[in-house]
Amino acid sequence: MNINDIPKQYDPKDAQDRWYQIWLERGYFHADPAGEKPPYCIVIPPPNVTGALHLGHALNNTLQDVLIRWRRMQGYDCLWMPGTDHAGIATQAVVERRLLEEQKLTRHDVGREALVEKIWAWKDEYEKRILGQLRLMGCSCDWERTRFTLDEVCSRAVRRTFFNLFRAGKIFRGKRLVNWDVQLRTAVADDEIYYEDKPGKLWTIKYPVAGSETGEALHVATTRPETMLGDTAVAVHPEDPRYKHLIGRELELPLTGRRIPIVGDAILVDPKFGTGCVKVTPAHDPNDYQTGQRHGLPMINLLNPDGTYNENAGPKYAGLDRVVVRKRVVADLEAAGLLVKDEPYNVRLNYSDRSKTPIEPYLSDQWFVRMADDPDGAPGFAQKAIDAVASGEVRITPERYAKSYADWLGEKRDWCISRQLWWGHRIPIWYCSTCTAEDLELAFGGRSDVAWTEAESGGWLVCAERDLQADALPGHALTQDADVLDTWFSSALWPHSTLGWPEATPELAKFYPTSVLSTARDIITLWVARMVIFGQFNMRQVPFRDVYIHPVIQDGQGKRMSKSAGNGVDPVDIIEIYGADALRYTLAAGATETQDLRMPVEKLKLPDGREINTSDRFEQGRNFGNKIWNVARLVMMNLEGYEPAPVDVAALPVEDRWILAELDATVAATTADLDAFRFAEAAKRLREFSWGEFCDWYVEFVKGRLRDPESRPVAQRTAAAVLDALCRLLHPFMPFLTEQIWAPLGELAPVRGVPLPSPAEPHACVAAWPAPKGLEDAEARATVDQWKEKIQAIRNLRAERNVPKDAKIAPRIVAEGAVADRLRLGEEFIKSLTGAGSVAVGPDQARPADSAVAVLADAEVVLPLEGLIDKEAERAKLAKSLADLDKQINPLRGKLSNEGFTSRAPAEVVASSRAKLAELEAQRASVASLLETT
RNA sequence: GGGCGAUUAACUCAGCGGUUAGAGUGCCUGCCUUACACGUAGGAGGUCGGGGGUUCGAAUCCCUCAUCGCCCA
């Protein structure tokens with residue numbers, strides 16, 4: 001092969017365009033449930049169709065593809081299930097915002113149907129973009145099985161699950177205090193709100209005690225005075241001497257004409273804080289809600305869904321916005337002489353993450369999934385999910401995340417699954433207020449897909465697997481619940497819904513439970529826990545065996561990357577600049593166990609004028625890829641006339657035995673790393689082997705043999721075998737590069753391998769993952785280590801003494817025994833790799849007066865340099881060397897003279913310390929005598 | 001307020017009880033040596049956040065303080 005046929009620099013674009021298409025055409029990514037091979041399955045954490053993928057997705061999907069490609073090469077039937085998530089509120093909010101910005105319209109202006117249509121269009125655009133990004137990265141998903149959480153297959157699973165939960169009594173409707181987003185007019189989950197401290201005010205209001213002749217009154221402090229209209233009690237501490245006597249009496253609630261009780265409550269009230277009296281508004285504050293439950297207080301809801309106050313607030317305030325109500329109430333209280341004071345106060349406000357507006361606690365009808373244990377004590381959903389991890393049925397890596405999983409589930413809080421949105425799975429419940437049990441029995445009695453129950457507030461709730469028509473119940477109106485389900489409801493089904501459940505598909509039989517779920521830690525509770533719960537409920541089996549939690553990518557300042565912060569990086573831009581292999585390798589090398597991954601971000605102006613974010617960290621991957629590319633070039637340039645043949649490893653030159661032994665160790669360790677999700681270790685190990693051993697040393701050793709017709713055939717076989725193995729080992733990390741090398745290698749050496757050559761597979765993508773061949777060789781390793789150490793010593797002497805680069809030096813190595821024997825085997829290499837004219841090894845080498853000398857532990861390296869030696873400088877170097885040795889010798893002597901150490905430390909530690917000391921002392925003696933004669 | 005984690009070379013990170021604490025990038029000094037300047041050869045650079053403790057021995061285990069990040073209230 002002519003060197004000019006292969007470019008000097010790896011061209012990622014060429015490889016990416018060529019190979020992805022071929023992998024697809026060959027169907028390498030397509031799983032076959034009917035096949036004989038053992039299953040390995042990963043379901044992709046479906047990216048939100050809200051927007052394009054960022055670097056965090058790139059990391060997660062790189063790691064999943066590493067696992068999938070590795071297992072595929074190991075002979076598993078691999079299914080990587082791709083897809084996207086409709087991301088209910090997030091996507092609807094994005095589209096609504098755009099609607100408002102571009103057309104000044106709200107969703108109520110356009111209506112449900114039209115809005116949903118617009119969101120579908122958005123979804124189509126971003127789904128396409130997201131899946132395209134994954135392909136560019138080289139992800140080997142089974143695209144023929146691509147799913148979307150709102151598609152027909154997933155929707156059917158949602159319906160069936162809801163229905164089954166309803167029938168099992170695991171789902172219920174109830175009034176609860178929720179976080180209400182008045183702008184979006186929906187409940188939002190706890191994890192969809194954030195807190196901010198804002199300067200506000202603390203008002204103190206006077207509540208007169210009813211029927212008090214002495215004009216007694218209680219002072220209550222509040223940051224939200226308008227909610228007093230909904231007070232149903234005032235609480236004091238039951239042991240507070242100031243108020244104890246008033247418990248049980250009533251107060252005149254100002255502005256309302258209502259009377260409310262004074263209750264004693266030790267949980268809500270801290271007698272040392274403020275006045276020691278707390279107003280209780282159960283419908284508008286979570287703590288008050290709990291208090292109301294404890295004392296059986298009525299709940300007065302003051303709010304309309306849009307944030308205005310309703311008729312419960314009284315005619316004076318009804319219809320006004322909560323902000324206006326606050327001003328009126330304060331003014332009215334002041335006018336009535338009931339406002340004691342107001343003072344500045346820092347208020348912690350809740351904001352909706354979606355609309356960025358303040359949250360109102362709001363009492364409303366919601367649907368819940370019951371998490372608690374059954375009344376008879378049988379473990380409920382939360383407990384079963386806790387047990388699955390505690391028992392090891394599901395393993396979480398790194399282990400420490402199992403704690404946050406268990407802690408969160410341990411609260412066993414019911415899961416609110418209804419959202420007042422239009423984008424999502426409509427709740428399959430129909431209300432009927434006029435019918436009777438007999439009517440329902442008559443209409444649906446024979447059907448197994450319809451169930452019903454009496455509503456708390458009267459009337460009936462009908463749950464159906466398929467949509468009921470309005471006239472399904474003759475003579476009575478049926479209206480469907482207007483709400484949709486929380487996005488996590490459908491995401492929680494992902495591992496089995498995507499495989500076809502509730503149908504008993506061959507995919508489900510073969511690939512469930514799946515093998516690994518890879519995700520970020522922030523959704524361990526929201527998503528991972530819920531997948532376990534629904535997997536157990538629907539499938540009677542956990543959804544996956546392993547959960548791998550990857551690090552979170554941050555910018556150079558430790559901030560999370562985000563579009564709004566302007567520090568987000570688009571993986572496609574990185575692929576543009578550095579290539580997909582570089583992106584993947586760099587990310588995998590950063591996926592360490594404990595750390596978050598920092599990527600210093602910098603701005604870059606592209607030739608086309610676009611300004612993007614990038615990070616020079618990716619040079620690491622690009623440079624490594626280029627190195628591999630070039631060593632492959634070198635090997636292939638030297639494969640002319642290659643003939644495969646069995647190789648007798650024992651008869652190979654020592655450098656061949658050494659590299660094969662190193663390869664064997666690398667294969668074993670890399671496999672173990674991947675098995676334990678140690679991606680960074682695997683990536684670094686492969687770099688160390690291929691660059692640090694193969695390129696830096698082996699290739700240099702073997703160059704001479706490749707040029708010599710006599711020794712060439714054997715050298716070709718070893719070199720081809722190592723390059724072949726390297727492609728296999730690196731393929732999961734750098735699929736395009738390795739495929740690009742695999743092709744020409746296959747032309748030059750279609751049959752290869754040591755000790756027994758065999759025909760190579762058509763593509764690296766489907767090549768077998770290598771296994772260790774029992775080629776460890778301690779003697780070969782010791783020998784090559786000797787060569788390396790002495791070569792480095794000579795190079796160091798050359799550099800430090802400024803020996804001209806083309807001077808033919810003649811180093812002498814004073815050594816004896818096995819050391820000398822090993823060095824003699826490598827004389828030619830020592831010569832060629834140090835640019836020496838000759839090398840002499842032996843115990844009695846003369847040491848010319850004009851020499852630079854390095855004293856090593858087991859040898860002295862002498863470099864005669866007539867006329868180039870500065871005696872004073874030599875003496876200074878020797879003195880420095882002596883001082884360095886003393887710095888090691890002294891603490892070691894101290895340690896060994898410490899009786900505590902010699903008697904209590906393990907014998908082998910003491911022995912090795914003694915040996916080390918003896919060696920250092922001998923070395924010191926040599927340096928000392930050298931100093932005398934210089 | 002509770003929990004988890006981090007703090008090691010200029011930067012990004014390994015090391016998690018026993019040699020003089022490592023890697024990549026960056027920096028300095030030679031080299032365009034017929035695989036590679038996205039390279040090669042050599043080198044400088046760290047009292048392992050502070051303070052206590054356990055141990056013959058601590059970057060590594062425990063306590064405490066500080067700073068930062070995340071999760072949950």
# chains A, B, ... in the order shown; residues from 1 in each chain; ligands from 1
call {"tool": "select_by_dssp", "arguments": {"residues": "stretch 401-466 of chain A", "states": "strand (DSSP E or B)", "output": "ChimeraX atom specification"}}
result
/A:415-416,418-419,426,429-432,450-454,460-464
call {"tool": "closest_atom_pairs", "arguments": {"of": "chain A", "to": "chain B", "cutoff": "6 Å", "atoms": "only C-alpha atoms (C1' of nucleotides)", "output": "Markdown table"}}
result
| residue | atom | partner | partner_atom | distance |
| --- | --- | --- | --- | --- |
| A:Asn623 | CA | B:C38 | C1' | 4.4 |
| A:Asn630 | CA | B:A35 | C1' | 4.7 |
| A:Val631 | CA | B:A35 | C1' | 5.3 |
| A:Arg633 | CA | B:A35 | C1' | 5.8 |
| A:Leu634 | CA | B:A35 | C1' | 4.4 |
| A:Ala799 | CA | B:G42 | C1' | 5.8 |
| A:Gly900 | CA | B:C56 | C1' | 4.3 |
| A:Phe901 | CA | B:C56 | C1' | 3.7 |
| A:Arg904 | CA | B:C56 | C1' | 5.9 |
call {"tool": "residues_around", "arguments": {"residues": "A:Leu663", "least_positions_apart": "5", "cutoff": "12 Å", "atoms": "only C-alpha atoms (C1' of nucleotides)", "output": "PyMOL selection string"}}
result
chain A and resi 656-658+668-670+685-686+688-690+693-694+698+718-719+721-726+728-729+754+770-777+781
call {"tool": "residues_around", "arguments": {"residues": "B:G51", "least_positions_apart": "3", "cutoff": "12 Å", "atoms": "only C-alpha atoms (C1' of nucleotides)", "output": "PyMOL selection string"}}
result
chain B and resi 63-66
call {"tool": "atom_distance", "arguments": {"atom1": "atom CA of A:Ala836", "atom2": "atom CA of A:Arg824"}}
result
14.7 Å
call {"tool": "select_by_dssp", "arguments": {"residues": "stretch 434-585 of chain A", "states": "alpha helix (DSSP H)", "output": "mmCIF file with N, CA and C atoms, in the first residue's frame"}}
result
data_model
loop_
_atom_site.group_PDB
_atom_site.id
_atom_site.type_symbol
_atom_site.label_atom_id
_atom_site.label_comp_id
_atom_site.auth_asym_id
_atom_site.auth_seq_id
_atom_site.Cartn_x
_atom_site.Cartn_y
_atom_site.Cartn_z
ATOM 1 N N ALA A 437 -76.310 3.184 39.773
ATOM 2 C CA ALA A 437 -75.506 1.969 39.648
ATOM 3 C C ALA A 437 -76.137 1.019 38.648
ATOM 4 N N GLU A 438 -77.490 0.995 38.638
ATOM 5 C CA GLU A 438 -78.191 0.090 37.726
ATOM 6 C C GLU A 438 -77.965 0.511 36.274
ATOM 7 N N ASP A 439 -78.009 1.828 36.041
ATOM 8 C CA ASP A 439 -77.766 2.323 34.685
ATOM 9 C C ASP A 439 -76.407 1.855 34.176
ATOM 10 N N LEU A 440 -75.422 1.976 35.044
ATOM 11 C CA LEU A 440 -74.059 1.620 34.646
ATOM 12 C C LEU A 440 -73.955 0.120 34.402
ATOM 13 N N GLU A 441 -74.553 -0.636 35.288
ATOM 14 C CA GLU A 441 -74.525 -2.091 35.164
ATOM 15 C C GLU A 441 -75.156 -2.513 33.843
ATOM 16 N N LEU A 442 -76.229 -1.828 33.521
ATOM 17 C CA LEU A 442 -76.958 -2.146 32.305
ATOM 18 C C LEU A 442 -76.112 -1.856 31.064
ATOM 19 N N ALA A 443 -75.438 -0.699 31.089
ATOM 20 C CA ALA A 443 -74.673 -0.274 29.915
ATOM 21 C C ALA A 443 -73.351 -1.009 29.773
ATOM 22 N N PHE A 444 -72.655 -1.225 30.879
ATOM 23 C CA PHE A 444 -71.278 -1.726 30.797
ATOM 24 C C PHE A 444 -71.095 -3.075 31.485
ATOM 25 N N THR A 487 -46.342 13.634 32.913
ATOM 26 C CA THR A 487 -45.461 13.003 31.929
ATOM 27 C C THR A 487 -44.781 11.746 32.469
ATOM 28 N N TRP A 488 -44.420 11.793 33.751
ATOM 29 C CA TRP A 488 -43.689 10.638 34.302
ATOM 30 C C TRP A 488 -44.543 9.380 34.323
ATOM 31 N N PHE A 489 -45.863 9.548 34.214
ATOM 32 C CA PHE A 489 -46.732 8.375 34.186
ATOM 33 C C PHE A 489 -46.392 7.525 32.963
ATOM 34 N N SER A 490 -46.273 8.148 31.817
ATOM 35 C CA SER A 490 -45.933 7.362 30.625
ATOM 36 C C SER A 490 -44.450 7.000 30.596
ATOM 37 N N SER A 491 -43.601 7.895 31.120
ATOM 38 C CA SER A 491 -42.163 7.566 31.166
ATOM 39 C C SER A 491 -41.906 6.360 32.060
ATOM 40 N N TRP A 494 -41.963 3.175 30.211
ATOM 41 C CA TRP A 494 -41.064 3.107 29.046
ATOM 42 C C TRP A 494 -40.380 1.752 28.853
ATOM 43 N N PRO A 495 -39.790 1.144 29.899
ATOM 44 C CA PRO A 495 -39.080 -0.115 29.646
ATOM 45 C C PRO A 495 -39.966 -1.255 29.148
ATOM 46 N N HIS A 496 -41.259 -1.243 29.482
ATOM 47 C CA HIS A 496 -42.086 -2.321 28.939
ATOM 48 C C HIS A 496 -43.060 -1.850 27.871
ATOM 49 N N SER A 497 -43.469 -0.575 27.923
ATOM 50 C CA SER A 497 -44.394 -0.116 26.872
ATOM 51 C C SER A 497 -43.702 -0.120 25.507
ATOM 52 N N PRO A 506 -42.854 -10.965 21.334
ATOM 53 C CA PRO A 506 -41.575 -11.687 21.463
ATOM 54 C C PRO A 506 -40.480 -10.778 22.036
ATOM 55 N N GLU A 507 -40.569 -9.476 21.724
ATOM 56 C CA GLU A 507 -39.582 -8.530 22.257
ATOM 57 C C GLU A 507 -39.637 -8.500 23.777
ATOM 58 N N LEU A 508 -40.861 -8.436 24.280
ATOM 59 C CA LEU A 508 -41.045 -8.385 25.727
ATOM 60 C C LEU A 508 -40.502 -9.666 26.364
ATOM 61 N N ALA A 509 -40.786 -10.777 25.742
ATOM 62 C CA ALA A 509 -40.341 -12.059 26.295
ATOM 63 C C ALA A 509 -38.823 -12.145 26.322
ATOM 64 N N LYS A 510 -38.201 -11.616 25.284
ATOM 65 C CA LYS A 510 -36.747 -11.779 25.222
ATOM 66 C C LYS A 510 -35.997 -10.694 25.996
ATOM 67 N N PHE A 511 -36.460 -9.436 25.909
ATOM 68 C CA PHE A 511 -35.623 -8.337 26.395
ATOM 69 C C PHE A 511 -36.042 -7.745 27.737
ATOM 70 N N ARG A 530 -40.105 5.378 39.746
ATOM 71 C CA ARG A 530 -41.437 5.126 39.193
ATOM 72 C C ARG A 530 -41.431 4.025 38.141
ATOM 73 N N MET A 531 -40.309 3.891 37.426
ATOM 74 C CA MET A 531 -40.218 2.759 36.491
ATOM 75 C C MET A 531 -40.213 1.438 37.253
ATOM 76 N N VAL A 532 -39.526 1.428 38.389
ATOM 77 C CA VAL A 532 -39.515 0.206 39.201
ATOM 78 C C VAL A 532 -40.930 -0.112 39.653
ATOM 79 N N ILE A 533 -41.635 0.915 40.113
ATOM 80 C CA ILE A 533 -42.985 0.711 40.636
ATOM 81 C C ILE A 533 -43.924 0.156 39.552
ATOM 82 N N PHE A 534 -43.939 0.799 38.412
ATOM 83 C CA PHE A 534 -44.852 0.344 37.359
ATOM 84 C C PHE A 534 -44.391 -0.968 36.722
ATOM 85 N N GLY A 535 -43.086 -1.186 36.698
ATOM 86 C CA GLY A 535 -42.582 -2.476 36.213
ATOM 87 C C GLY A 535 -43.080 -3.595 37.107
ATOM 88 N N GLN A 536 -42.997 -3.343 38.392
ATOM 89 C CA GLN A 536 -43.453 -4.365 39.327
ATOM 90 C C GLN A 536 -44.958 -4.583 39.226
ATOM 91 N N PHE A 537 -45.689 -3.488 39.020
ATOM 92 C CA PHE A 537 -47.142 -3.606 38.975
ATOM 93 C C PHE A 537 -47.606 -4.309 37.694
ATOM 94 N N ASN A 538 -47.082 -3.861 36.557
ATOM 95 C CA ASN A 538 -47.558 -4.413 35.286
ATOM 96 C C ASN A 538 -46.899 -5.739 34.925
ATOM 97 N N MET A 539 -45.606 -5.850 35.194
ATOM 98 C CA MET A 539 -44.843 -6.999 34.712
ATOM 99 C C MET A 539 -44.527 -7.998 35.824
ATOM 100 N N PRO A 571 -23.631 19.249 20.931
ATOM 101 C CA PRO A 571 -22.731 18.180 20.490
ATOM 102 C C PRO A 571 -22.453 18.225 18.985
ATOM 103 N N VAL A 572 -23.430 18.707 18.234
ATOM 104 C CA VAL A 572 -23.225 18.751 16.787
ATOM 105 C C VAL A 572 -22.091 19.719 16.421
ATOM 106 N N ASP A 573 -21.983 20.810 17.159
ATOM 107 C CA ASP A 573 -20.876 21.741 16.920
ATOM 108 C C ASP A 573 -19.531 21.077 17.213
ATOM 109 N N ILE A 574 -19.506 20.284 18.279
ATOM 110 C CA ILE A 574 -18.268 19.593 18.633
ATOM 111 C C ILE A 574 -17.907 18.578 17.549
ATOM 112 N N ILE A 575 -18.921 17.890 17.039
ATOM 113 C CA ILE A 575 -18.676 16.914 15.972
ATOM 114 C C ILE A 575 -18.144 17.630 14.738
ATOM 115 N N GLU A 576 -18.707 18.788 14.443
ATOM 116 C CA GLU A 576 -18.233 19.625 13.339
ATOM 117 C C GLU A 576 -16.730 19.900 13.459
ATOM 118 N N ILE A 577 -16.319 20.306 14.648
ATOM 119 C CA ILE A 577 -14.947 20.782 14.835
ATOM 120 C C ILE A 577 -13.974 19.632 15.088
ATOM 121 N N TYR A 578 -14.364 18.706 15.939
ATOM 122 C CA TYR A 578 -13.421 17.661 16.362
ATOM 123 C C TYR A 578 -13.763 16.264 15.858
ATOM 124 N N ALA A 580 -16.946 13.017 15.670
ATOM 125 C CA ALA A 580 -17.749 12.256 16.625
ATOM 126 C C ALA A 580 -16.884 11.365 17.510
ATOM 127 N N ASP A 581 -15.821 10.792 16.947
ATOM 128 C CA ASP A 581 -14.956 9.926 17.754
ATOM 129 C C ASP A 581 -14.308 10.715 18.885
ATOM 130 N N ALA A 582 -13.869 11.928 18.573
ATOM 131 C CA ALA A 582 -13.223 12.776 19.582
ATOM 132 C C ALA A 582 -14.217 13.142 20.671
ATOM 133 N N LEU A 583 -15.447 13.479 20.256
ATOM 134 C CA LEU A 583 -16.497 13.795 21.221
ATOM 135 C C LEU A 583 -16.716 12.621 22.169
ATOM 136 N N ARG A 584 -16.886 11.462 21.599
ATOM 137 C CA ARG A 584 -17.185 10.273 22.389
ATOM 138 C C ARG A 584 -16.042 9.895 23.316
ATOM 139 N N TYR A 585 -14.836 9.856 22.758
ATOM 140 C CA TYR A 585 -13.707 9.437 23.586
ATOM 141 C C TYR A 585 -13.516 10.390 24.759
#
